[in-house]
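Novice: The file below is entry-v3.csv, CSV, C-alpha atoms:
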chain,number,residue,atom,x,y,z
A,1,MET,CA,34.6,166.4,82.4
A,2,THR,CA,32.3,165.4,79.5
A,3,THR,CA,28.6,165.0,79.7
A,4,GLN,CA,29.1,161.4,78.5
A,5,THR,CA,31.3,160.6,81.4
A,6,HIS,CA,28.8,162.1,83.9
A,7,ALA,CA,26.1,160.0,82.3
A,8,ARG,CA,28.1,156.9,82.7
A,9,THR,CA,28.8,157.5,86.4
A,10,ARG,CA,25.2,158.4,87.0
A,11,ALA,CA,23.8,155.3,85.3
A,12,CYS,CA,21.2,153.2,87.1
A,13,THR,CA,20.4,156.0,89.7
A,14,SER,CA,16.9,154.8,90.4
A,15,SER,CA,17.6,151.1,90.8
A,16,SER,CA,21.1,151.2,92.3
A,17,ALA,CA,19.8,152.5,95.6
A,18,ALA,CA,18.3,149.0,96.2
A,19,VAL,CA,21.7,147.3,95.6
A,20,PRO,CA,22.9,145.8,98.9
A,21,LEU,CA,26.2,146.9,100.2
A,22,PRO,CA,29.0,144.4,99.7
A,23,PRO,CA,30.8,143.2,102.8
A,24,VAL,CA,33.8,145.0,104.1
A,25,ARG,CA,36.9,143.0,103.3
A,26,PHE,CA,40.2,143.4,105.1
A,27,TRP,CA,43.1,143.8,102.6
A,28,PRO,CA,46.4,143.2,104.3
A,29,VAL,CA,48.5,144.1,101.3
A,30,ARG,CA,51.2,141.5,101.9
A,31,ASP,CA,54.8,141.8,100.9
A,32,LEU,CA,54.8,139.8,97.6
A,33,THR,CA,57.8,138.5,95.7
A,34,GLY,CA,58.4,138.4,92.0
A,35,VAL,CA,55.8,139.8,89.7
A,36,GLU,CA,52.9,137.9,91.1
A,37,PHE,CA,49.6,139.7,90.9
A,38,ASP,CA,48.2,140.3,94.4
A,39,PRO,CA,45.8,137.4,95.1
A,40,ASP,CA,43.8,139.5,97.5
A,41,LEU,CA,43.2,142.1,94.8
A,42,ALA,CA,42.3,139.4,92.3
A,43,ALA,CA,39.7,138.1,94.8
A,44,LEU,CA,38.3,141.7,95.3
A,45,MET,CA,38.0,142.1,91.5
A,46,ARG,CA,35.9,138.9,91.3
A,47,GLU,CA,33.4,140.2,93.9
A,48,GLY,CA,32.1,142.8,91.5
A,49,PRO,CA,32.7,146.3,90.0
A,50,LEU,CA,33.0,147.8,93.5
A,51,ALA,CA,34.2,146.3,96.7
A,52,ARG,CA,34.5,147.7,100.2
A,53,ILE,CA,37.9,147.4,101.8
A,54,ARG,CA,39.7,148.1,105.1
A,55,LEU,CA,43.4,148.6,104.8
A,56,PRO,CA,46.0,148.1,107.6
A,57,ASN,CA,46.0,151.6,108.9
A,58,GLY,CA,43.5,154.5,109.4
A,59,GLU,CA,39.9,154.3,110.3
A,60,GLY,CA,36.7,152.9,108.7
A,61,TRP,CA,36.4,151.5,105.2
A,62,ALA,CA,36.6,152.7,101.6
A,63,TRP,CA,35.2,151.8,98.2
A,64,LEU,CA,37.6,150.0,95.8
A,65,VAL,CA,36.9,150.6,92.1
A,66,THR,CA,38.5,148.0,89.8
A,67,ARG,CA,36.9,148.0,86.4
A,68,HIS,CA,38.7,150.0,83.6
A,69,ASP,CA,35.7,152.2,82.6
A,70,ASP,CA,34.8,152.9,86.2
A,71,VAL,CA,38.4,153.8,87.2
A,72,ARG,CA,38.6,156.2,84.3
A,73,ALA,CA,35.2,157.7,85.2
A,74,VAL,CA,36.0,158.2,88.9
A,75,THR,CA,39.5,159.7,88.3
A,76,ASN,CA,38.0,162.2,85.7
A,77,ASP,CA,35.0,163.2,87.9
A,78,PRO,CA,35.3,166.4,89.9
A,79,ARG,CA,32.8,165.0,92.4
A,80,PHE,CA,35.6,162.8,93.8
A,81,SER,CA,38.0,165.1,95.7
A,82,ARG,CA,41.6,164.6,96.7
A,83,ARG,CA,41.6,167.8,98.7
A,84,ALA,CA,38.8,166.5,100.9
A,85,VAL,CA,41.1,163.7,102.1
A,86,VAL,CA,43.5,166.0,103.9
A,87,GLY,CA,42.7,165.9,107.6
A,88,SER,CA,40.7,162.7,107.3
A,89,ASP,CA,42.0,159.5,109.0
A,90,VAL,CA,41.0,157.4,106.0
A,91,THR,CA,41.8,153.7,105.9
A,92,ARG,CA,45.1,153.4,104.1
A,93,LEU,CA,48.2,151.3,103.5
A,94,ALA,CA,50.9,153.5,105.2
A,95,PRO,CA,51.0,153.9,109.0
A,96,HIS,CA,51.8,157.6,108.4
A,97,PHE,CA,49.8,160.2,106.5
A,98,ILE,CA,51.9,163.3,106.0
A,99,PRO,CA,50.7,165.3,102.9
A,100,VAL,CA,52.6,168.5,102.4
A,101,ALA,CA,50.5,171.7,102.6
A,102,GLY,CA,49.6,172.6,99.0
A,103,ALA,CA,50.9,169.4,97.5
A,104,VAL,CA,49.6,169.0,94.0
A,105,GLY,CA,48.7,165.3,94.7
A,106,PHE,CA,46.1,166.5,97.2
A,107,GLU,CA,44.7,169.4,95.2
A,108,ASP,CA,41.7,169.6,92.9
A,109,PRO,CA,41.2,171.7,89.9
A,110,PRO,CA,41.5,174.7,89.4
A,111,ASP,CA,44.3,174.9,91.9
A,112,HIS,CA,45.7,171.6,90.7
A,113,THR,CA,45.7,172.9,87.2
A,114,ARG,CA,47.5,176.1,88.3
A,115,LEU,CA,50.2,174.2,90.0
A,116,ARG,CA,50.9,171.8,87.1
A,117,ARG,CA,51.0,174.7,84.7
A,118,ALA,CA,53.9,176.1,86.7
A,119,VAL,CA,56.2,173.2,85.7
A,120,ALA,CA,54.5,172.2,82.4
A,121,PRO,CA,57.4,173.4,80.2
A,122,ALA,CA,59.7,170.8,81.7
A,123,PHE,CA,57.4,168.0,80.8
A,124,THR,CA,56.4,168.8,77.3
A,125,THR,CA,57.8,166.7,74.5
A,126,ARG,CA,60.4,169.4,73.9
A,127,GLY,CA,61.3,169.7,77.6
A,128,VAL,CA,61.8,165.9,77.9
A,129,GLU,CA,63.6,165.5,74.6
A,130,ARG,CA,66.3,168.1,75.7
A,131,LEU,CA,67.3,165.5,78.3
A,132,ARG,CA,67.6,162.6,75.9
A,133,GLY,CA,71.3,163.1,74.9
A,134,GLY,CA,72.4,163.6,78.5
A,135,ALA,CA,70.3,160.6,79.7
A,136,GLN,CA,71.8,158.4,77.0
A,137,ALA,CA,75.3,159.5,77.9
A,138,VAL,CA,74.7,158.7,81.7
A,139,LEU,CA,73.2,155.3,80.8
A,140,ASP,CA,76.1,154.4,78.5
A,141,GLU,CA,78.6,155.3,81.2
A,142,LEU,CA,76.8,153.2,83.8
A,143,VAL,CA,76.5,150.2,81.4
A,144,GLU,CA,80.1,150.4,80.3
A,145,GLY,CA,81.2,150.5,83.9
A,146,VAL,CA,79.2,147.3,84.7
A,147,LEU,CA,80.6,145.6,81.6
A,148,ARG,CA,84.1,146.7,82.4
A,149,ASP,CA,84.0,145.4,85.9
A,150,GLY,CA,82.6,142.1,84.6
A,151,PRO,CA,80.1,139.6,86.0
A,152,PRO,CA,78.6,139.1,88.5
A,153,ALA,CA,76.9,142.4,88.8
A,154,ASP,CA,73.9,143.8,90.5
A,155,LEU,CA,71.7,145.5,87.8
A,156,VAL,CA,69.8,147.5,90.4
A,157,GLU,CA,72.9,148.9,92.1
A,158,GLY,CA,74.9,149.4,88.9
A,159,VAL,CA,72.2,150.8,86.5
A,160,LEU,CA,68.6,150.7,87.5
A,161,ALA,CA,68.9,152.9,90.6
A,162,PRO,CA,71.5,155.4,89.6
A,163,PHE,CA,70.2,156.1,86.1
A,164,PRO,CA,66.6,157.4,87.0
A,165,LEU,CA,68.1,159.3,90.0
A,166,ALA,CA,70.5,161.1,87.8
A,167,VAL,CA,67.9,161.9,85.2
A,168,VAL,CA,65.2,163.2,87.6
A,169,CYS,CA,67.8,165.3,89.4
A,170,GLU,CA,68.9,166.8,86.1
A,171,LEU,CA,65.3,167.6,85.3
A,172,MET,CA,64.9,169.1,88.8
A,173,GLY,CA,68.2,171.0,88.8
A,174,VAL,CA,69.6,169.1,91.8
A,175,PRO,CA,73.4,169.2,91.8
A,176,ALA,CA,75.3,165.8,91.6
A,177,GLY,CA,76.6,166.2,95.2
A,178,ASP,CA,73.1,166.4,96.6
A,179,ARG,CA,71.7,163.3,94.8
A,180,PRO,CA,72.6,160.6,97.4
A,181,ALA,CA,70.7,162.5,100.1
A,182,MET,CA,67.7,162.7,97.7
A,183,HIS,CA,67.8,159.0,97.1
A,184,GLU,CA,67.9,158.3,100.9
A,185,TRP,CA,65.0,160.6,101.7
A,186,THR,CA,62.9,159.2,98.9
A,187,SER,CA,63.5,155.6,100.1
A,188,LEU,CA,62.4,156.5,103.6
A,189,ILE,CA,59.3,158.5,102.4
A,190,LEU,CA,58.1,155.7,100.2
A,191,SER,CA,58.5,152.9,102.8
A,192,SER,CA,55.7,151.8,105.1
A,193,ALA,CA,58.2,149.7,107.1
A,194,GLU,CA,60.4,152.5,108.4
A,195,GLY,CA,57.8,154.0,110.7
A,196,ALA,CA,56.0,157.4,110.7
A,197,GLU,CA,58.8,159.3,112.5
A,198,ARG,CA,61.6,158.4,110.1
A,199,SER,CA,59.4,159.0,107.1
A,200,GLU,CA,58.3,162.4,108.4
A,201,ARG,CA,61.9,163.4,109.2
A,202,ALA,CA,62.9,162.5,105.7
A,203,ARG,CA,60.0,164.4,104.2
A,204,ASN,CA,60.8,167.5,106.3
A,205,ALA,CA,64.5,167.3,105.3
A,206,MET,CA,63.6,167.2,101.6
A,207,CYS,CA,61.1,170.1,102.1
A,208,ASP,CA,63.8,172.1,103.8
A,209,TYR,CA,66.2,171.4,101.0
A,210,PHE,CA,63.8,172.5,98.3
A,211,ALA,CA,62.8,175.6,100.3
A,212,GLY,CA,66.5,176.6,100.4
A,213,VAL,CA,67.3,176.0,96.8
A,214,LEU,CA,64.1,177.7,95.6
A,215,GLY,CA,65.2,180.8,97.6
A,216,GLU,CA,68.6,180.7,96.1
A,217,ARG,CA,67.3,180.3,92.5
A,218,ARG,CA,64.7,183.0,92.7
A,219,GLY,CA,65.1,185.3,89.8
A,220,THR,CA,67.7,183.2,88.0
A,221,GLY,CA,65.3,181.5,85.6
A,222,GLY,CA,66.2,178.2,83.8
A,223,GLU,CA,64.4,175.3,82.2
A,224,ASP,CA,64.7,172.9,85.1
A,225,VAL,CA,61.9,172.4,87.5
A,226,ILE,CA,63.5,174.3,90.4
A,227,GLY,CA,64.1,177.2,88.1
A,228,LEU,CA,60.5,177.2,86.8
A,229,LEU,CA,59.1,176.9,90.3
A,230,ALA,CA,61.4,179.7,91.6
A,231,ALA,CA,60.1,182.0,88.8
A,232,ALA,CA,56.5,181.0,89.5
A,233,VAL,CA,56.9,181.9,93.2
A,234,ALA,CA,58.6,185.2,92.3
A,235,ASP,CA,55.7,186.0,89.9
A,236,GLY,CA,53.1,185.2,92.6
A,237,GLU,CA,51.6,182.3,90.6
A,238,VAL,CA,52.3,179.7,93.3
A,239,THR,CA,53.2,180.0,97.0
A,240,GLU,CA,56.5,178.8,98.4
A,241,ALA,CA,54.7,176.0,100.2
A,242,GLU,CA,53.0,174.9,97.0
A,243,ALA,CA,56.3,175.0,95.1
A,244,VAL,CA,58.0,172.9,97.8
A,245,GLY,CA,55.2,170.3,97.8
A,246,LEU,CA,55.3,170.0,94.0
A,247,ALA,CA,59.1,169.7,93.9
A,248,LEU,CA,58.9,166.9,96.5
A,249,LEU,CA,56.2,165.0,94.5
A,250,ILE,CA,58.2,165.1,91.3
A,251,GLN,CA,61.4,164.1,92.9
A,252,ILE,CA,59.9,161.1,94.6
A,253,GLY,CA,57.9,160.1,91.5
A,254,GLY,CA,61.1,160.2,89.4
A,255,GLU,CA,62.6,157.2,91.2
A,256,ALA,CA,59.6,155.0,90.5
A,257,VAL,CA,61.3,154.1,87.2
A,258,THR,CA,63.9,152.1,89.2
A,259,ASN,CA,61.2,149.7,90.5
A,260,ASN,CA,59.3,149.5,87.2
A,261,THR,CA,62.4,148.7,85.2
A,262,GLY,CA,63.5,146.3,87.9
A,263,ASN,CA,60.3,144.4,87.4
A,264,MET,CA,60.7,144.5,83.6
A,265,ALA,CA,64.3,143.3,83.9
A,266,TYR,CA,63.2,140.5,86.2
A,267,ILE,CA,60.6,139.4,83.5
A,268,LEU,CA,63.3,139.4,80.8
A,269,LEU,CA,65.7,137.4,83.0
A,270,THR,CA,63.1,134.8,83.8
A,271,ARG,CA,61.4,134.7,80.4
A,272,PRO,CA,64.3,134.4,77.9
A,273,ASP,CA,61.8,133.7,75.1
A,274,LEU,CA,60.5,137.3,75.4
A,275,ARG,CA,64.1,138.8,75.6
A,276,ASP,CA,65.2,136.8,72.5
A,277,ARG,CA,62.1,137.9,70.6
A,278,LEU,CA,62.8,141.6,71.5
A,279,HIS,CA,66.4,141.3,70.5
A,280,GLU,CA,65.6,139.8,67.2
A,281,ASP,CA,62.7,142.2,66.4
A,282,PRO,CA,63.5,145.7,67.7
A,283,GLY,CA,60.3,146.9,66.1
A,284,LEU,CA,58.3,145.3,68.9
A,285,ARG,CA,59.9,147.3,71.6
A,286,THR,CA,57.6,150.3,71.7
A,287,THR,CA,54.5,148.1,72.1
A,288,ALA,CA,56.4,145.8,74.5
A,289,VAL,CA,57.2,148.7,76.8
A,290,ASP,CA,53.5,149.6,76.9
A,291,GLU,CA,52.5,146.0,77.5
A,292,LEU,CA,54.9,145.6,80.4
A,293,LEU,CA,53.8,148.9,81.9
A,294,ARG,CA,50.3,147.5,81.8
A,295,TRP,CA,51.2,144.1,83.2
A,296,ILE,CA,53.8,144.7,85.9
A,297,PRO,CA,52.6,145.1,89.5
A,298,HIS,CA,54.2,148.6,89.8
A,299,ARG,CA,52.9,149.3,93.2
A,300,ASN,CA,51.6,147.6,96.4
A,301,GLY,CA,48.0,148.1,97.3
A,302,VAL,CA,46.5,151.4,96.1
A,303,GLY,CA,47.6,155.0,95.9
A,304,LEU,CA,45.9,158.1,97.1
A,305,CYS,CA,42.3,158.2,98.2
A,306,ARG,CA,39.4,160.4,97.1
A,307,ILE,CA,36.3,161.5,98.9
A,308,ALA,CA,32.9,161.8,97.2
A,309,THR,CA,31.5,165.3,97.5
A,310,GLU,CA,28.0,164.2,96.6
A,311,ASP,CA,26.1,161.0,96.0
A,312,VAL,CA,27.4,159.4,92.8
A,313,THR,CA,26.5,156.0,91.2
A,314,VAL,CA,29.4,154.0,89.9
A,315,GLY,CA,29.1,150.5,88.5
A,316,GLY,CA,25.5,150.3,89.7
A,317,GLN,CA,26.4,151.1,93.3
A,318,VAL,CA,25.6,154.4,95.0
A,319,ILE,CA,28.7,156.0,96.6
A,320,ARG,CA,27.4,158.4,99.3
A,321,ARG,CA,28.7,161.9,100.0
A,322,GLY,CA,31.6,161.8,102.4
A,323,GLU,CA,32.6,158.2,101.6
A,324,ALA,CA,36.2,157.3,100.7
A,325,VAL,CA,37.1,155.8,97.3
A,326,TYR,CA,40.2,154.2,96.0
A,327,VAL,CA,40.8,153.2,92.4
A,328,SER,CA,43.1,150.3,91.4
A,329,TYR,CA,45.0,151.0,88.2
A,330,LEU,CA,46.5,147.5,88.5
A,331,ALA,CA,43.1,146.0,88.4
A,332,ALA,CA,41.9,148.2,85.6
A,333,ASN,CA,44.9,147.1,83.6
A,334,ARG,CA,43.7,143.4,83.9
A,335,ASP,CA,40.1,144.1,83.0
A,336,PRO,CA,39.1,141.2,80.7
A,337,ASP,CA,36.4,143.4,79.1
A,338,VAL,CA,39.2,145.7,77.8
A,339,PHE,CA,42.2,143.5,77.4
A,340,ALA,CA,42.1,140.1,75.7
A,341,ASP,CA,44.2,137.6,77.6
A,342,PRO,CA,44.7,140.2,80.4
A,343,ASP,CA,47.0,138.0,82.5
A,344,GLY,CA,49.2,137.2,79.5
A,345,ILE,CA,52.1,139.3,78.2
A,346,VAL,CA,51.2,140.2,74.5
A,347,LEU,CA,54.3,142.1,73.2
A,348,ASP,CA,52.5,143.4,70.1
A,349,ARG,CA,49.2,144.4,71.9
A,350,SER,CA,47.6,147.3,70.1
A,351,PRO,CA,45.7,149.3,71.0
A,352,ASN,CA,46.7,149.2,74.6
A,353,PRO,CA,44.7,151.8,76.7
A,354,HIS,CA,46.5,151.0,80.0
A,355,VAL,CA,46.3,153.3,82.9
A,356,ALA,CA,49.7,152.7,84.4
A,357,PHE,CA,50.4,156.4,84.5
A,358,GLY,CA,46.9,157.2,85.9
A,359,TYR,CA,44.1,159.0,84.3
A,360,GLY,CA,42.3,162.4,84.4
A,361,PRO,CA,43.7,165.6,86.0
A,362,HIS,CA,46.1,163.6,88.1
A,363,TYR,CA,47.6,161.7,85.2
A,364,CYS,CA,51.3,161.4,86.0
A,365,VAL,CA,53.0,164.7,85.1
A,366,GLY,CA,56.3,162.8,84.4
A,367,ALA,CA,54.8,160.2,82.1
A,368,LEU,CA,56.8,161.3,79.1
A,369,LEU,CA,60.1,161.4,81.1
A,370,ALA,CA,59.4,157.9,82.6
A,371,ARG,CA,58.7,156.5,79.1
A,372,LEU,CA,61.9,158.0,77.8
A,373,GLU,CA,64.0,156.5,80.6
A,374,THR,CA,62.2,153.1,80.3
A,375,GLU,CA,62.7,152.9,76.6
A,376,LEU,CA,66.4,153.7,77.0
A,377,LEU,CA,66.9,151.2,79.8
A,378,PHE,CA,64.9,148.6,77.9
A,379,ALA,CA,67.1,148.9,74.9
A,380,ALA,CA,70.3,148.6,77.0
A,381,LEU,CA,69.1,145.5,78.8
A,382,VAL,CA,68.2,143.8,75.5
A,383,ASP,CA,71.2,144.9,73.4
A,384,ARG,CA,74.1,145.5,75.7
A,385,PHE,CA,73.9,142.3,77.8
A,386,PRO,CA,73.8,139.3,75.5
A,387,GLY,CA,73.3,136.1,77.3
A,388,MET,CA,72.5,137.9,80.6
A,389,ARG,CA,70.9,135.6,83.2
A,390,LEU,CA,70.3,135.6,86.9
A,391,ALA,CA,73.3,134.7,89.0
A,392,VAL,CA,71.1,133.2,91.7
A,393,PRO,CA,67.9,131.2,91.7
A,394,ALA,CA,64.9,133.5,91.2
A,395,GLU,CA,63.4,132.4,94.5
A,396,GLU,CA,66.5,133.8,96.3
A,397,LEU,CA,65.9,137.4,95.2
A,398,ARG,CA,64.8,139.9,97.8
A,399,TRP,CA,61.9,142.3,97.1
A,400,ARG,CA,61.5,145.6,98.9
A,401,PRO,CA,59.6,145.0,102.2
A,402,GLY,CA,57.0,147.4,103.2
A,403,ALA,CA,57.5,149.4,100.0
A,404,LEU,CA,54.6,151.4,98.5
A,405,ILE,CA,56.2,151.0,95.0
A,406,ARG,CA,57.0,147.4,94.4
A,407,GLY,CA,60.3,146.2,93.0
A,408,PRO,CA,63.4,144.0,93.6
A,409,GLU,CA,66.1,145.1,96.0
A,410,GLY,CA,68.7,143.7,93.7
A,411,LEU,CA,69.2,141.7,90.5
A,412,PRO,CA,72.5,139.8,90.5
A,413,VAL,CA,73.3,138.8,87.0
A,414,VAL,CA,76.0,137.1,84.9
A,415,TRP,CA,76.5,137.2,81.1
Produce structure tokens that represent the structure in this file.

Specialist:
Amino acid sequence: MTTQTHARTRACTSSSAAVPLPPVRFWPVRDLTGVEFDPDLAALMREGPLARIRLPNGEGWAWLVTRHDDVRAVTNDPRFSRRAVVGSDVTRLAPHFIPVAGAVGFEDPPDHTRLRRAVAPAFTTRGVERLRGGAQAVLDELVEGVLRDGPPADLVEGVLAPFPLAVVCELMGVPAGDRPAMHEWTSLILSSAEGAERSERARNAMCDYFAGVLGERRGTGGEDVIGLLAAAVADGEVTEAEAVGLALLIQIGGEAVTNNTGNMAYILLTRPDLRDRLHEDPGLRTTAVDELLRWIPHRNGVGLCRIATEDVTVGGQVIRRGEAVYVSYLAANRDPDVFADPDGIVLDRSPNPHVAFGYGPHYCVGALLARLETELLFAALVDRFPGMRLAVPAEELRWRPGALIRGPEGLPVVW
């Protein structure tokens, strides 16, 4: 972390102690439809740089950080710990709290750095690009199947769900026959509506699966994630429990593309002016992908919590040692001090310093892969389905209830 960043988070240390605490607001995190920005989050953003929130589950309250600069400062500051959250019944969205022992998402540097290093070769530009040809072939086959069967078709069922699953499983080294089980386990783990018991069973099943294949692959090598992790375990660089936790996190994260691209497809289907412009001007697509990543509500509520390990001043407010802190990347991506017309979709926005993939040490390890998949899907939606439109009124679409990652359950279309 830079001295400059520390200086920013420590600003106003003498005067901030006198700042009164904001009231604790209950944030119910409702099931929202479409791509509406959460009105409760918008209200919390208006209250100031920091708010205090209570979520539907867990105990107590937590700070919510919403400004772009503050979000980047907190996520890059080692005084805010993910590891300290384990074992704490913090206020949270999900009814269950079941981190895997050694999971990279709940580690801090230097252990976090060591774990990510084990799989880094799979996520370099070279590692991701080796998947491009196969990913394009899978996508082409799926699109051609949908076109061959003719309208109406469900874009989620036919393309947006199977494509990211196939790509992340290829990256992981999961055989085709095991992929349906991976999809089912992921859906249960990521749902807050299925209950703690079913989610925990799904997590345990996925952990058992990865423990088994890591044992089978030990010493075999390979460029896929399971091969890299098996080698790291054999070399003593990571423990088996750490390797299993990291494999689970990557596998689950890989299917977030389904929801993100589902949201993007919904926008293109309900905003034909944007789709027509992207069809006529392919040069806009790179910035358009970034803009939609910034704009779409890619999750419900907030993600993983952090705990302050010492008193830190953020946004003029002292966060005391031991207090829980959440950052909202969604709010940071709508910060009017950083993004002109933050609630508008500006296809040629540049620069676009969005934080859709996070920031700091926990920046999404699969960001390059997600971008590759998103760009391929984006091009297919714009180029391969001329005249595509929703087969039902937009208000009749169903959105995933109780999902931690927001997205449509289906997108019936005709063309």

Novice: Which polymer residues have any atom within 8 Å of an atom of Gly360 in chain A, counting all atoms listed in the file, with same-chain residues fewer than 4 positions away left out, as a PyMOL selection string?

Specialist: chain A and resi 72+75-76

Novice: Given all atoms listed in the file, how would the per-residue table for range 261-319 of chain A near range 18-25 of chain A read, listing every residue at most 9 Å away with its closest atom pair and distance in Å to one decimal, sorted by chain and number, as JSON lines?

Specialist:
{"residue": "A:Gly316", "atom": "CA", "partner": "A:Val19", "partner_atom": "CA", "distance": 7.6}
{"residue": "A:Gln317", "atom": "CA", "partner": "A:Val19", "partner_atom": "CA", "distance": 6.5}
{"residue": "A:Val318", "atom": "CA", "partner": "A:Val19", "partner_atom": "CA", "distance": 8.1}

Novice: By how many Å are CA of Phe210 in chain A and CA of Leu131 in chain A apart?

Specialist: 21.5 Å

Novice: Excluding Ile252 in chain A and residues on its chain fewer than 3 positions from it, collect all residues at most 6 Å away from it, counting only C-alpha atoms, and give them as a list of chain:residue names.

Specialist: A:Thr186, A:Leu249, A:Glu255

Novice: To one decimal in Å, tell me the separation between CA of Ile307 in chain A and CA of Tyr326 in chain A.

Specialist: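 Rounded to one decimal, the two atoms are 8.8 Å apart.
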
Novice: My list of candidates is A:Leu411, A:Ala153, A:Leu229, A:Leu293. Which is closest to Arg334 in chain A when distances are computed with all atoms listed in the file?

Specialist: A:Leu293

Novice: Identify which of the residues A:Glu157, A:Glu36, A:Glu291, A:Glu141 lies closest to Pro351 in chain A, counting all atoms listed in the file when measuring atom-to-atom distances.

Specialist: A:Glu291

Novice: Please identify all polymer residues within 10 Å of Gly322 in chain A, counting all atoms listed in the file, omitting same-chain residues fewer than 4 positions from it, and present them as a list in words.

Specialist: Phe80, Ser81, Ala84, Val85, Arg306, Ile307, Ala308, Thr309, Glu310 and Asp311 of chain A

Novice: Looking at all atoms listed in the file, which of A:Val325, A:Val128, A:Ile189, A:Leu155 is the one that sits closest to Val312 in chain A?

Specialist: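 Nearest to Val312 in chain A: A:Val325.
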
Novice: Using all atoms listed in the file, find the one residue out of A:Gly315, A:Ile345, A:Asn263, A:Val338 that sits nearest to Thr33 in chain A.

Specialist: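 Using all atoms listed in the file, the shortest distance to Thr33 in chain A belongs to A:Asn263.
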
Novice: Could you tell me which of A:Glu223, A:Glu184, A:Asp111, A:Glu144 comes closest to Gly127 in chain A if we count only C-alpha atoms?

Specialist: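 Closest to Gly127 in chain A, using only C-alpha atoms: A:Glu223.
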
Novice: With all atoms listed in the file as the atoms that count, which of A:Gly407, A:Pro297, A:Gly58, A:Gly344 lies nearest to Leu41 in chain A?

Specialist: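 Ranking A:Gly407, A:Pro297, A:Gly58, A:Gly344 by distance to Leu41 in chain A, first place goes to A:Pro297.
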
Novice: Between CA of Gly221 in chain A and CA of Ala135 in chain A, what is the distance, to one decimal in Å?

Specialist: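 Those two atoms sit 22.3 Å apart.
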
Novice: When you look at Leu142 in chain A with a cut-off of 9 Å (counting only C-alpha atoms), what residues show up, excluding the ones that are within fewer than 4 positions of it in the same chain? I need them as a list in words.

Specialist: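 The neighbour list is Ala137, Val138, Val146, Leu147, Gly158, Val159, Pro162 and Phe163 of chain A.
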
Novice: Compile the contact shell of Arg217 in chain A as number ranges by chain: residues with an atom at most 8 Å away, counting all atoms listed in the file, same-chain residues fewer than 2 positions apart removed.

Specialist: A: 213-215, 219-221, 226-227, 230
